[in-house]
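Peer 1: Enclosed is the structure file my_file.cif (mmCIF, C-alpha atoms).
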data_target
#
loop_
_atom_site.label_atom_id
_atom_site.label_comp_id
_atom_site.auth_asym_id
_atom_site.auth_seq_id
_atom_site.Cartn_x
_atom_site.Cartn_y
_atom_site.Cartn_z
CA MET A 17 140.95 162.61 41.28
CA THR A 18 144.33 160.95 41.63
CA ALA A 19 145.98 160.20 44.96
CA LEU A 20 148.46 162.97 44.27
CA THR A 21 145.73 165.53 43.63
CA ALA A 22 143.87 164.38 46.73
CA ARG A 23 147.03 165.00 48.75
CA ILE A 24 147.32 168.53 47.31
CA VAL A 25 143.73 169.29 48.28
CA GLU A 26 144.26 167.83 51.74
CA ASP A 27 147.41 169.91 52.26
CA PHE A 28 145.60 173.01 51.03
CA GLN A 29 142.83 172.49 53.56
CA GLU A 30 145.36 171.81 56.30
CA SER A 31 147.16 175.03 55.43
CA ALA A 32 144.05 176.98 56.36
CA PRO A 33 143.62 179.01 53.19
CA SER A 34 142.43 181.99 55.18
CA THR A 35 145.86 182.22 56.83
CA LEU A 36 147.77 182.30 53.56
CA PRO A 37 148.45 185.97 52.85
CA SER A 38 145.81 187.46 50.59
CA ALA A 39 148.21 190.21 49.53
CA VAL A 40 150.37 187.60 47.84
CA GLN A 41 147.45 185.88 46.20
CA ALA A 42 143.76 186.56 46.69
CA ALA A 43 141.84 183.74 48.34
CA ALA A 44 139.62 183.46 45.27
CA HIS A 45 142.67 183.02 43.03
CA ARG A 46 144.03 180.34 45.35
CA ARG A 47 140.77 178.44 45.32
CA ALA A 48 140.51 178.79 41.53
CA ALA A 49 144.03 177.40 41.12
CA LEU A 50 143.22 174.48 43.41
CA ALA A 51 140.01 173.78 41.51
CA ALA A 52 141.94 173.75 38.23
CA LEU A 53 144.48 171.36 39.71
CA GLU A 54 141.72 169.19 41.12
CA ALA A 55 140.15 168.95 37.68
CA ALA A 56 143.30 168.40 35.64
CA GLY A 57 145.92 167.08 38.06
CA LEU A 58 149.65 167.58 37.84
CA PRO A 59 151.50 166.51 34.70
CA SER A 60 152.61 162.92 34.38
CA SER A 61 155.28 161.21 32.33
CA ARG A 62 152.54 160.36 29.81
CA ASP A 63 152.36 164.04 28.87
CA GLU A 64 154.63 164.63 25.89
CA ASN A 65 156.26 167.75 27.31
CA TRP A 66 156.98 166.02 30.60
CA LYS A 67 158.33 162.67 29.50
CA TYR A 68 161.89 163.57 30.46
CA ALA A 69 161.01 165.10 33.83
CA ASN A 70 161.48 163.15 37.04
CA LEU A 71 158.09 163.29 38.74
CA ARG A 72 158.62 160.40 41.14
CA SER A 73 159.84 162.66 43.91
CA LEU A 74 156.31 164.12 44.16
CA GLU A 75 155.19 160.92 45.83
CA ARG A 76 157.11 161.78 48.98
CA VAL A 77 156.61 165.52 49.41
CA ARG A 78 154.20 167.62 51.42
CA PHE A 79 152.60 170.40 49.40
CA ARG A 80 151.69 172.70 52.25
CA PRO A 81 154.08 175.65 52.65
CA ALA A 82 156.83 175.32 55.19
CA LEU A 83 155.24 177.37 57.94
CA ALA A 84 158.02 177.26 60.48
CA ALA A 85 159.87 180.50 61.07
CA PRO A 86 162.74 180.89 58.63
CA VAL A 87 166.02 179.60 59.93
CA SER A 88 168.63 182.20 60.69
CA LEU A 89 171.30 181.70 58.10
CA PRO A 90 174.70 183.25 58.53
CA SER A 91 175.38 185.61 55.64
CA ALA A 92 178.61 183.69 55.08
CA ASP A 93 176.58 180.72 53.81
CA LEU A 94 175.28 182.81 50.93
CA PRO A 95 177.20 183.70 47.78
CA ALA A 96 179.36 186.78 48.11
CA PRO A 97 177.43 189.99 47.40
CA LEU A 98 178.09 191.51 44.01
CA PRO A 99 179.31 195.11 44.05
CA GLY A 100 176.59 197.63 43.24
CA VAL A 101 173.86 194.99 43.25
CA ALA A 102 171.02 195.20 45.78
CA ARG A 103 170.07 191.87 47.35
CA TYR A 104 166.76 190.40 48.48
CA VAL A 105 166.79 187.06 50.26
CA PHE A 106 163.82 184.76 50.78
CA VAL A 107 164.07 181.67 52.97
CA ASP A 108 161.45 179.02 52.25
CA GLY A 109 159.45 181.58 50.31
CA ARG A 110 159.50 184.23 53.04
CA PHE A 111 161.42 187.47 53.01
CA ALA A 112 164.49 187.54 55.28
CA PRO A 113 165.29 191.23 55.87
CA SER A 114 168.38 190.53 57.97
CA LEU A 115 170.06 188.85 55.01
CA SER A 116 169.01 191.44 52.46
CA ALA A 117 170.63 194.66 51.33
CA GLN A 118 168.07 196.95 49.83
CA PRO A 119 168.97 199.57 47.24
CA ALA A 120 168.95 203.29 47.63
CA GLU A 121 166.01 205.11 46.10
CA GLY A 122 166.29 204.76 42.37
CA ALA A 123 164.42 204.23 39.17
CA GLY A 124 162.82 201.01 40.27
CA ALA A 125 160.19 200.05 42.77
CA VAL A 126 160.63 196.78 44.61
CA THR A 127 157.65 195.49 46.54
CA LEU A 128 157.30 192.45 48.70
CA LEU A 129 154.15 190.67 47.65
CA SER A 130 153.17 190.10 51.27
CA GLN A 131 153.13 193.87 51.75
CA ALA A 132 151.55 194.78 48.43
CA ALA A 133 148.41 196.89 48.52
CA ASP A 134 146.69 195.00 45.74
CA ALA A 135 146.74 191.27 45.22
CA PRO A 136 148.66 190.58 42.01
CA ARG A 137 147.23 188.80 39.05
CA PRO A 138 147.74 185.05 39.10
CA VAL A 139 150.94 183.99 37.35
CA ALA A 140 149.16 181.43 35.25
CA GLU A 141 146.76 183.99 33.86
CA SER A 142 149.12 185.52 31.37
CA THR A 143 150.14 182.40 29.51
CA ASP A 144 148.64 179.09 28.57
CA ALA A 145 146.44 179.01 31.65
CA GLY A 146 145.15 175.57 32.38
CA GLY A 147 147.61 173.96 29.99
CA VAL A 148 149.67 171.05 31.17
CA ASP A 149 152.77 173.23 31.37
CA GLU A 150 151.09 175.70 33.71
CA ARG A 151 150.06 173.29 36.43
CA PHE A 152 153.03 173.88 38.71
CA ALA A 153 152.42 177.62 38.38
CA LEU A 154 148.90 176.88 39.62
CA LEU A 155 150.40 175.00 42.54
CA ASN A 156 152.47 178.06 43.38
CA GLN A 157 149.39 180.23 42.99
CA ALA A 158 147.50 178.13 45.51
CA PHE A 159 150.22 177.99 48.17
CA ALA A 160 152.49 181.05 47.71
CA THR A 161 153.51 182.73 50.96
CA ASP A 162 155.53 185.69 49.69
CA GLY A 163 157.49 186.92 46.72
CA ILE A 164 158.88 189.98 45.10
CA ALA A 165 157.47 192.39 42.54
CA ILE A 166 159.90 194.60 40.66
CA GLU A 167 158.75 197.51 38.55
CA VAL A 168 161.13 199.80 36.74
CA GLY A 169 159.20 202.94 35.93
CA ARG A 170 161.63 205.32 34.28
CA ALA A 171 164.73 205.02 32.16
CA SER A 172 168.11 205.71 33.72
CA ALA A 173 171.67 205.94 32.45
CA GLU A 174 172.69 202.74 34.19
CA PRO A 175 170.36 199.77 34.46
CA LEU A 176 169.05 198.92 37.91
CA GLN A 177 170.81 195.81 39.26
CA LEU A 178 169.08 193.44 41.65
CA GLU A 179 169.80 190.02 43.05
CA VAL A 180 167.04 187.83 44.44
CA LEU A 181 168.02 184.74 46.41
CA PHE A 182 165.48 182.02 47.09
CA VAL A 183 166.87 179.75 49.78
CA ALA A 184 165.24 176.40 50.55
CA SER A 185 165.81 175.06 54.04
CA ALA A 186 162.73 172.99 54.90
CA GLU A 187 162.64 169.23 54.53
CA ALA A 188 160.29 168.18 51.70
CA GLN A 189 158.33 165.89 54.02
CA SER A 190 157.44 168.77 56.33
CA GLY A 191 156.66 171.52 53.85
CA ALA A 192 157.42 173.11 50.51
CA SER A 193 158.86 176.39 49.33
CA TYR A 194 156.96 178.57 46.85
CA PRO A 195 159.17 181.40 45.55
CA ARG A 196 157.44 183.96 43.40
CA LEU A 197 158.83 186.72 41.20
CA GLU A 198 157.08 189.37 39.14
CA VAL A 199 158.92 191.82 36.89
CA LEU A 200 157.43 194.73 35.00
CA LEU A 201 159.57 197.02 32.88
CA GLN A 202 157.95 200.17 31.58
CA PRO A 203 158.81 201.51 28.10
CA GLY A 204 162.49 202.12 27.48
CA THR A 205 163.67 200.95 30.91
CA ARG A 206 166.42 198.47 31.75
CA LEU A 207 167.05 195.99 34.51
CA THR A 208 169.73 193.46 35.33
CA LEU A 209 168.26 190.75 37.52
CA ILE A 210 170.08 187.84 39.12
CA GLU A 211 167.79 185.12 40.44
CA ARG A 212 169.33 182.32 42.45
CA HIS A 213 167.79 179.18 43.87
CA LEU A 214 169.94 177.55 46.52
CA SER A 215 169.78 175.33 49.58
CA ALA A 216 170.68 175.87 53.22
CA GLY A 217 171.96 172.53 54.43
CA ALA A 218 171.77 169.10 52.88
CA GLN A 219 168.11 168.23 53.36
CA SER A 220 165.86 167.31 50.46
CA SER A 221 163.67 170.35 49.80
CA PHE A 222 160.72 170.70 47.48
CA VAL A 223 160.56 174.00 45.60
CA THR A 224 157.86 175.15 43.20
CA GLY A 225 158.70 178.53 41.75
CA ALA A 226 156.74 180.86 39.51
CA ALA A 227 157.87 183.99 37.73
CA ARG A 228 156.24 186.42 35.38
CA VAL A 229 158.08 188.94 33.22
CA THR A 230 156.38 191.74 31.31
CA LEU A 231 158.46 193.98 29.08
CA ALA A 232 156.93 197.09 27.57
CA ARG A 233 158.08 198.67 24.31
CA GLY A 234 161.83 199.08 24.08
CA ALA A 235 162.54 197.64 27.54
CA LEU A 236 165.64 195.56 28.15
CA LEU A 237 165.88 192.83 30.77
CA THR A 238 169.05 190.87 31.38
CA HIS A 239 168.03 187.97 33.58
CA TYR A 240 170.40 185.44 35.13
CA ARG A 241 168.76 182.36 36.62
CA LEU A 242 171.13 180.25 38.66
CA GLN A 243 169.84 176.95 39.98
CA GLU A 244 172.23 175.81 42.72
CA LEU A 245 170.06 173.66 44.97
CA ASN A 246 171.69 170.76 46.78
CA ALA A 247 171.77 167.35 45.13
CA ARG A 248 168.77 166.02 47.11
CA SER A 249 166.26 168.74 46.30
CA THR A 250 163.46 168.91 43.77
CA LEU A 251 162.57 172.01 41.77
CA PHE A 252 159.69 172.76 39.45
CA ASP A 253 159.91 176.21 38.01
CA THR A 254 157.60 178.07 35.62
CA LEU A 255 158.50 181.34 33.94
CA SER A 256 156.14 183.23 31.66
CA ALA A 257 157.26 186.25 29.66
CA GLN A 258 155.49 188.80 27.49
CA LEU A 259 157.53 191.03 25.19
CA ALA A 260 156.14 194.13 23.50
CA ALA A 261 157.59 195.75 20.40
CA ASP A 262 161.34 196.37 20.42
CA ALA A 263 161.68 194.76 23.85
CA THR A 264 164.75 192.66 24.49
CA TYR A 265 164.94 189.78 26.93
CA ARG A 266 168.33 188.19 27.54
CA LEU A 267 167.85 185.11 29.65
CA HIS A 268 170.89 183.23 30.95
CA GLY A 269 170.27 179.96 32.75
CA ILE A 270 172.89 178.00 34.67
CA SER A 271 171.61 174.78 36.21
CA THR A 272 173.99 172.74 38.32
CA GLY A 273 171.97 171.55 41.29
CA ALA A 274 168.96 169.53 42.43
CA LEU A 275 168.28 165.84 42.22
CA SER A 276 165.40 166.65 39.91
CA ALA A 277 164.89 170.02 38.24
CA ARG A 278 162.29 170.96 35.70
CA SER A 279 162.25 174.43 34.21
CA THR A 280 159.36 175.58 32.03
CA LEU A 281 159.41 178.78 30.00
CA ALA A 282 156.49 180.22 28.05
CA ALA A 283 157.49 183.34 26.15
CA ARG A 284 155.27 185.38 23.87
CA LEU A 285 156.96 187.85 21.55
CA GLY A 286 153.91 189.98 20.97
CA GLY A 287 155.41 193.09 19.41
CA GLU A 288 157.41 193.78 16.27
CA ARG A 289 161.14 193.25 16.58
CA ALA A 290 160.81 191.71 20.03
CA ASP A 291 164.05 189.93 20.76
CA LEU A 292 164.59 186.88 22.99
CA SER A 293 168.02 185.48 23.66
CA LEU A 294 168.13 182.26 25.62
CA ALA A 295 171.47 180.80 26.73
CA VAL A 296 171.40 177.80 29.04
CA ALA A 297 174.13 175.60 30.49
CA ALA A 298 173.27 172.55 32.57
CA LEU A 299 175.63 170.23 34.40
CA GLY A 300 174.44 166.99 35.91
CA ASP A 301 176.21 164.35 37.94
CA ARG A 302 175.32 161.05 39.61
CA GLN A 303 171.51 160.65 39.36
CA GLN A 304 170.49 164.22 38.68
CA VAL A 305 167.72 164.84 36.17
CA GLN A 306 167.58 168.31 34.62
CA ASP A 307 164.80 168.94 32.19
CA GLY A 308 164.10 172.19 30.39
CA TYR A 309 161.11 173.05 28.24
CA ALA A 310 160.62 176.38 26.48
CA LEU A 311 157.59 177.27 24.38
CA ILE A 312 158.24 180.43 22.41
CA GLU A 313 155.55 182.17 20.41
CA HIS A 314 156.36 184.67 17.69
CA ALA A 315 153.12 186.62 17.46
CA ALA A 316 154.35 189.69 15.58
CA PRO A 317 156.49 190.37 12.53
CA ASN A 318 160.27 190.35 12.75
CA ALA A 319 160.36 188.80 16.19
CA ARG A 320 163.65 187.06 16.85
CA THR A 321 164.76 184.22 19.09
CA LEU A 322 168.27 182.97 19.59
CA GLN A 323 168.80 179.84 21.67
CA THR A 324 171.95 178.19 22.90
CA PHE A 325 171.99 175.12 25.11
CA ARG A 326 174.97 173.28 26.51
CA GLY A 327 174.49 170.26 28.71
CA ILE A 328 177.02 167.92 30.30
CA ALA A 329 175.74 164.75 31.93
CA ALA A 330 178.13 162.69 34.03
CA GLY A 331 177.49 159.41 35.81
CA ARG A 332 173.86 158.33 35.52
CA SER A 333 172.50 161.86 35.26
CA ARG A 334 170.14 162.93 32.49
CA GLN A 335 169.78 166.16 30.56
CA ALA A 336 166.86 167.13 28.34
CA ARG A 337 166.01 170.32 26.54
CA THR A 338 163.00 170.95 24.30
CA ALA A 339 162.20 174.36 22.87
CA PRO A 340 159.51 174.60 20.22
CA ILE A 341 158.90 177.92 18.50
CA ARG A 342 155.39 178.71 17.34
CA THR A 343 154.99 181.36 14.68
CA SER A 344 151.65 183.04 14.08
CA ARG A 345 150.62 183.44 10.48
CA CYS A 346 150.51 187.20 10.76
CA ALA A 347 154.04 187.21 12.07
CA ASP A 348 157.21 186.07 10.44
CA SER A 349 156.10 182.91 8.69
CA SER A 350 159.41 182.13 7.09
CA PRO A 351 160.71 178.76 8.24
CA VAL A 352 163.04 178.76 11.18
CA PRO A 353 166.22 176.87 10.35
CA ARG A 354 166.45 173.38 11.71
CA PRO A 355 168.26 173.48 15.02
CA ARG A 356 171.70 172.08 15.36
CA SER A 357 171.63 169.39 17.97
CA THR A 358 174.48 167.19 18.97
CA CYS A 359 174.89 164.58 21.63
CA ALA A 360 178.08 162.62 22.07
CA ARG A 361 179.26 160.08 24.61
CA SER A 362 182.87 159.13 24.70
CA SER A 363 183.50 155.41 24.76
CA ARG A 364 186.12 155.89 27.46
CA SER A 365 184.25 158.38 29.54
CA THR A 366 181.02 158.44 31.48
CA THR A 367 180.38 162.03 30.51
CA THR A 368 177.90 163.01 27.84
CA MET A 369 177.76 166.43 26.26
CA CYS A 370 174.63 167.72 24.56
CA ALA A 371 174.03 170.89 22.65
CA ALA A 372 171.15 172.46 20.81
CA ALA A 373 170.89 175.83 19.17
CA THR A 374 168.61 177.77 16.90
CA ALA A 375 169.29 180.97 15.10
CA PRO A 376 166.76 183.30 13.48
CA PRO A 377 166.32 183.32 9.72
CA PRO A 378 168.20 186.05 7.85
CA ALA A 379 166.38 189.37 7.83
CA SER A 380 165.96 189.30 4.07
CA SER A 381 163.75 186.22 4.30
CA MET A 382 161.35 187.70 6.84
CA ARG A 383 157.82 188.52 5.78
CA THR A 384 155.28 190.73 7.43
CA CYS A 385 151.52 190.97 7.33
CA SER A 386 148.93 193.20 8.89
CA SER A 387 146.32 190.60 9.66
CA THR A 388 145.06 190.52 13.21
CA SER A 389 143.86 186.96 12.97
CA CYS A 390 146.78 184.83 13.88
CA PRO A 391 146.14 181.12 14.29
CA GLY A 392 149.37 179.50 15.32
CA ALA A 393 151.46 177.12 13.30
CA TRP A 394 154.34 175.05 14.64
CA SER A 395 157.59 175.78 12.97
CA ALA A 396 160.58 174.42 14.83
CA THR A 397 161.32 172.20 17.78
CA PRO A 398 164.89 172.05 18.96
CA ARG A 399 165.25 169.02 21.16
CA SER A 400 168.23 167.59 22.91
CA ALA A 401 168.30 164.80 25.41
CA CYS A 402 171.01 162.55 26.78
CA MET B 142 189.06 166.50 18.86
CA LEU B 143 190.24 164.59 21.90
CA PHE B 144 192.58 162.56 19.72
CA TYR B 145 194.01 165.76 18.24
CA LEU B 146 194.71 167.23 21.66
CA LEU B 147 196.31 163.98 22.81
CA SER B 148 198.45 163.98 19.70
CA ARG B 149 199.68 167.47 20.62
CA GLY B 150 201.01 166.14 23.90
CA LEU B 151 198.22 167.02 26.31
CA GLU B 152 197.36 164.54 29.02
CA ARG B 153 193.95 162.92 28.66
CA ASP B 154 192.55 164.56 31.79
CA THR B 155 193.72 168.01 30.72
CA ALA B 156 192.36 167.52 27.20
CA GLN B 157 188.97 166.46 28.50
CA ARG B 158 188.80 169.46 30.83
CA LEU B 159 189.74 171.74 27.98
CA LEU B 160 186.99 170.34 25.78
CA LYS B 161 184.36 170.68 28.49
CA TRP B 162 185.19 174.34 29.11
CA ALA B 163 185.25 175.09 25.39
CA PHE B 164 181.85 173.44 25.15
CA LEU B 165 180.40 175.63 27.90
CA GLU B 166 182.08 178.78 26.69
CA ASP B 167 179.28 179.67 24.26
CA VAL B 168 177.01 180.23 27.23
CA ILE B 169 179.50 181.61 29.75
CA ALA B 170 180.91 184.13 27.29
CA GLN B 171 177.51 185.78 27.07
CA ILE B 172 177.68 186.88 30.72
CA PRO B 173 179.11 190.40 30.76
CA LEU B 174 178.84 190.91 34.53
CA GLN B 175 182.38 189.91 35.52
CA PRO B 176 181.95 189.24 39.28
CA LEU B 177 178.93 187.07 38.56
CA ARG B 178 180.73 185.30 35.76
CA ARG B 179 183.56 184.50 38.17
CA GLN B 180 181.12 183.01 40.68
CA ILE B 181 179.51 180.92 37.95
CA GLU B 182 182.87 179.65 36.73
CA GLU B 183 183.80 178.65 40.29
CA ARG B 184 180.52 176.81 40.64
CA LEU B 185 180.97 175.02 37.32
CA ALA B 186 184.57 174.13 38.19
CA GLY B 187 183.32 172.58 41.42
CA GLN B 188 180.68 170.61 39.58
CA LEU B 189 183.20 169.43 36.98
CA ARG B 190 185.67 168.62 39.79
CA ASP B 191 188.20 170.80 38.01
CA ASP B 192 190.54 171.51 40.92
CA ALA B 193 193.20 173.00 38.69
CA LEU B 194 190.84 175.67 37.44
CA ARG B 195 189.46 176.32 40.91
CA GLU B 196 192.96 177.14 42.07
CA LEU B 197 193.39 179.52 39.16
CA LEU B 198 190.11 181.27 39.95
#
Can you give me the file's structure in the form of structure tokens?
Peer 2:
Amino acid sequence: MTALTARIVEDFQESAPSTLPSAVQAAAHRRAALAALEAAGLPSSRDENWKYANLRSLERVRFRPALAAPVSLPSADLPAPLPGVARYVFVDGRFAPSLSAQPAEGAGAVTLLSQAADAPRPVAESTDAGGVDERFALLNQAFATDGIAIEVGRASAEPLQLEVLFVASAEAQSGASYPRLEVLLQPGTRLTLIERHLSAGAQSSFVTGAARVTLARGALLTHYRLQELNARSTLFDTLSAQLAADATYRLHGISTGALSARSTLAARLGGERADLSLAVAALGDRQQVQDGYALIEHAAPNARTLQTFRGIAAGRSRQARTAPIRTSRCADSSPVPRPRSTCARSSRSTTTMCAAATAPPPASSMRTCSSTSCPGAWSATPRSAC
Amino acid sequence: MLFYLLSRGLERDTAQRLLKWAFLEDVIAQIPLQPLRRQIEERLAGQLRDDALRELL
């Protein structure tokens, strides 16, 4: 066990696991996550997928959840509300009703995890559980204090629109924030979801977020993820997504904050014609490190992924983006075109601009097969770092 | 590209700002929710220290 893992275990025991809400995560799931972390540890820079991430900040943080009562933030400190969009605000991983504006009864059901009747499944269960990229999701699973579950159960003329704000206010040396988000879209339903991560004040916060998205046949999710933490904070974020046939997931990421931010996406396109569109812009300045990793699995025929990444690194900041696509043999086995990746630094400027993009192969080149045995094969790895 | 813009009479600072926004446009243009897009542009302008654009927004 490393010193870091020992500190996680110590903080878990100090947090009195029995006092962490079992509605958010069952005690058995928390202990299982801790045991997995104890056995495997957190990723290190020796792990290939983590070599660009800044993990040094972990040496100074406390892993126990920030247990102090949430600070009372004036609404004026939050971004202006968007018209027609219901808002849910969490401060240090706990729901803040006074800052929220809940929607009228509609097509969707929004549940606070701390008030849920049944403990949800662990986030790490649905993806590469136990893999090196899931370890921060396990950390969230062990320590989560609250979160939000959104289920859209029936189709409506206009998509439901929700905004979820995760505000970090606690100092990293006193406690961490564990935001948690679960989205389930039933067949044919639509949702527009805006997820923001931001800071209250200038303190250095430690945030470990986990999100799970499940889209049933024909569902459409437009998901905006805005990372606007202050320039002293640290964020590790894990998103896992499952797409059924004809489901569409449009994921827009804008990352401008945090001293160190690592975003991990694991998406499985499990149904025919599942469609993932990933558009990310990242801006770094001074000593910011923003690292993104997306593992996308095409497990069914005619699945499609479109990726666009734009990164601008000023000063001594660093940007990295890696997004391998794995295609199962029973799915579309035609080669994915080599990604276009550019990285340029002007000789008279301290700004570097990086871009990477992949586009799906033309439809005429797609092949299908009915086999149910689908060992994976790596097909493309867009990578951009500067 | 920068040289071209300079040759058309743009100041260096303006040309660089123009190039940065054009570079980000591929991502920003995919955001159909106008009020949110405006907030994102304001945030990006702040990060890029683009005061001229912030005034316009």
Peer 1: Give me, as a tab-separated table, the closest atom pair and its distance (Å, one decimal) for every residue of chain B within a cut-off of 12 Å of chain A, counting only C-alpha atoms, rows sorted by chain and rising number.
Peer 2:
residue	atom	partner	partner_atom	distance
B:Met142	CA	A:Ser362	CA	11.3
B:Leu143	CA	A:Ser362	CA	9.6
B:Phe144	CA	A:Ser362	CA	11.4
B:Arg153	CA	A:Arg364	CA	10.6
B:Asp154	CA	A:Ser365	CA	10.6
B:Gln157	CA	A:Ser365	CA	9.4
B:Arg158	CA	A:Thr367	CA	11.2
B:Leu160	CA	A:Met369	CA	10.0
B:Lys161	CA	A:Ile328	CA	8.0
B:Trp162	CA	A:Ile328	CA	10.5
B:Ala163	CA	A:Arg326	CA	10.5
B:Phe164	CA	A:Arg326	CA	7.0
B:Leu165	CA	A:Arg326	CA	6.1
B:Glu166	CA	A:Arg326	CA	9.0
B:Asp167	CA	A:Thr324	CA	7.6
B:Val168	CA	A:Ala295	CA	5.6
B:Ile169	CA	A:Ala297	CA	8.1
B:Ala170	CA	A:Ala295	CA	10.0
B:Gln171	CA	A:Ala295	CA	7.8
B:Ile172	CA	A:His268	CA	7.7
B:Pro173	CA	A:Thr238	CA	10.1
B:Leu174	CA	A:Thr208	CA	9.5
B:Gln175	CA	A:Leu98	CA	9.6
B:Pro176	CA	A:Leu98	CA	6.5
B:Leu177	CA	A:Leu98	CA	7.1
B:Arg178	CA	A:Tyr240	CA	10.4
B:Arg179	CA	A:Leu98	CA	10.6
B:Gln180	CA	A:Pro95	CA	8.1
B:Ile181	CA	A:Ile270	CA	7.9
B:Glu182	CA	A:Ile270	CA	10.3
B:Glu183	CA	A:Pro95	CA	11.2
B:Arg184	CA	A:Thr272	CA	8.0
B:Leu185	CA	A:Thr272	CA	7.4
B:Ala186	CA	A:Leu299	CA	10.5
B:Gly187	CA	A:Thr272	CA	9.8
B:Gln188	CA	A:Thr272	CA	7.1
B:Leu189	CA	A:Leu299	CA	8.0
B:Arg190	CA	A:Asp301	CA	10.5
Peer 1: To one decimal in Å, tell me the separation between atom CA of A:Gln219 and atom CA of A:Asn70.
Peer 2: 18.3 Å
Peer 1: Would you mind listing what lies within 6 Å of stretch 228-234 of chain A as a PyMOL selection string, with only C-alpha atoms counted and same-chain residues fewer than 3 positions away left out?
Peer 2: chain A and resi 198-204+255-263
Peer 1: Take the residues that were just selected and, keeping C-alpha atoms, output them as a compact mmCIF listing (two decimals), in the frame of the given file.
Peer 2:
# COMPACT_ATOMS: atom_id res chain seq x y z
CA GLU A 198 157.08 189.37 39.14
CA VAL A 199 158.92 191.82 36.89
CA LEU A 200 157.43 194.73 35.00
CA LEU A 201 159.57 197.02 32.88
CA GLN A 202 157.95 200.17 31.58
CA PRO A 203 158.81 201.51 28.10
CA GLY A 204 162.49 202.12 27.48
CA LEU A 255 158.50 181.34 33.94
CA SER A 256 156.14 183.23 31.66
CA ALA A 257 157.26 186.25 29.66
CA GLN A 258 155.49 188.80 27.49
CA LEU A 259 157.53 191.03 25.19
CA ALA A 260 156.14 194.13 23.50
CA ALA A 261 157.59 195.75 20.40
CA ASP A 262 161.34 196.37 20.42
CA ALA A 263 161.68 194.76 23.85
Peer 1: Kindly give the distance, in Å, that separates atom CA of A:Ser276 and atom CA of A:Leu155, rounded to a single decimal.
Peer 2: 17.4 Å
Peer 1: What is the atom CA of A:Leu267-atom CA of A:Asp162 distance in Å, reported with one decimal?
Peer 2: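 Computing the Euclidean distance for atom CA of A:Leu267 and atom CA of A:Asp162 yields 23.5 Å.
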Peer 1: Write out as a CSV table (one decimal) with C-alpha atoms, in the coordinates of the input each polymer residue whose atoms come within 7 Å of A:Val107, counting all atoms listed in the file; drop sequence neighbours fewer than 4 positions from it.
Peer 2:
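As written to disk, selection-v4.csv reads:
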chain,number,residue,atom,x,y,z
A,86,PRO,CA,162.7,180.9,58.6
A,111,PHE,CA,161.4,187.5,53.0
A,112,ALA,CA,164.5,187.5,55.3
A,182,PHE,CA,165.5,182.0,47.1
A,183,VAL,CA,166.9,179.8,49.8
A,184,ALA,CA,165.2,176.4,50.6
A,185,SER,CA,165.8,175.1,54.0
Peer 1: Output stretch 310-321 of chain A as a PDB file, in the frame of the given file, making sure N, CA and C atoms are there.
Peer 2:
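Produced file selection_37.pdb, reproduced below:
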ATOM      1  N   ALA A 310     160.903 174.983  26.784  1.00  0.00           N
ATOM      2  CA  ALA A 310     160.620 176.380  26.480  1.00  0.00           C
ATOM      3  C   ALA A 310     159.677 176.450  25.280  1.00  0.00           C
ATOM      4  N   LEU A 311     158.540 177.054  25.477  1.00  0.00           N
ATOM      5  CA  LEU A 311     157.590 177.270  24.380  1.00  0.00           C
ATOM      6  C   LEU A 311     157.631 178.753  24.026  1.00  0.00           C
ATOM      7  N   ILE A 312     158.045 179.038  22.819  1.00  0.00           N
ATOM      8  CA  ILE A 312     158.240 180.430  22.410  1.00  0.00           C
ATOM      9  C   ILE A 312     157.281 180.742  21.269  1.00  0.00           C
ATOM     10  N   GLU A 313     156.541 181.811  21.425  1.00  0.00           N
ATOM     11  CA  GLU A 313     155.550 182.170  20.410  1.00  0.00           C
ATOM     12  C   GLU A 313     155.949 183.491  19.755  1.00  0.00           C
ATOM     13  N   HIS A 314     156.120 183.442  18.455  1.00  0.00           N
ATOM     14  CA  HIS A 314     156.360 184.670  17.690  1.00  0.00           C
ATOM     15  C   HIS A 314     155.001 185.150  17.175  1.00  0.00           C
ATOM     16  N   ALA A 315     154.461 186.182  17.802  1.00  0.00           N
ATOM     17  CA  ALA A 315     153.120 186.620  17.460  1.00  0.00           C
ATOM     18  C   ALA A 315     153.118 187.934  16.682  1.00  0.00           C
ATOM     19  N   ALA A 316     154.276 188.424  16.316  1.00  0.00           N
ATOM     20  CA  ALA A 316     154.350 189.690  15.580  1.00  0.00           C
ATOM     21  C   ALA A 316     155.493 189.603  14.568  1.00  0.00           C
ATOM     22  N   PRO A 317     155.446 190.441  13.557  1.00  0.00           N
ATOM     23  CA  PRO A 317     156.490 190.370  12.530  1.00  0.00           C
ATOM     24  C   PRO A 317     157.873 190.700  13.086  1.00  0.00           C
ATOM     25  N   ASN A 318     158.862 190.068  12.465  1.00  0.00           N
ATOM     26  CA  ASN A 318     160.270 190.350  12.750  1.00  0.00           C
ATOM     27  C   ASN A 318     160.672 190.079  14.202  1.00  0.00           C
ATOM     28  N   ALA A 319     159.922 189.240  14.863  1.00  0.00           N
ATOM     29  CA  ALA A 319     160.360 188.800  16.190  1.00  0.00           C
ATOM     30  C   ALA A 319     161.560 187.871  16.003  1.00  0.00           C
ATOM     31  N   ARG A 320     162.420 187.820  17.018  1.00  0.00           N
ATOM     32  CA  ARG A 320     163.650 187.060  16.850  1.00  0.00           C
ATOM     33  C   ARG A 320     163.961 186.279  18.125  1.00  0.00           C
ATOM     34  N   THR A 321     164.335 185.033  17.951  1.00  0.00           N
ATOM     35  CA  THR A 321     164.760 184.220  19.090  1.00  0.00           C
ATOM     36  C   THR A 321     166.083 183.549  18.780  1.00  0.00           C
TER      37      THR A 321
END
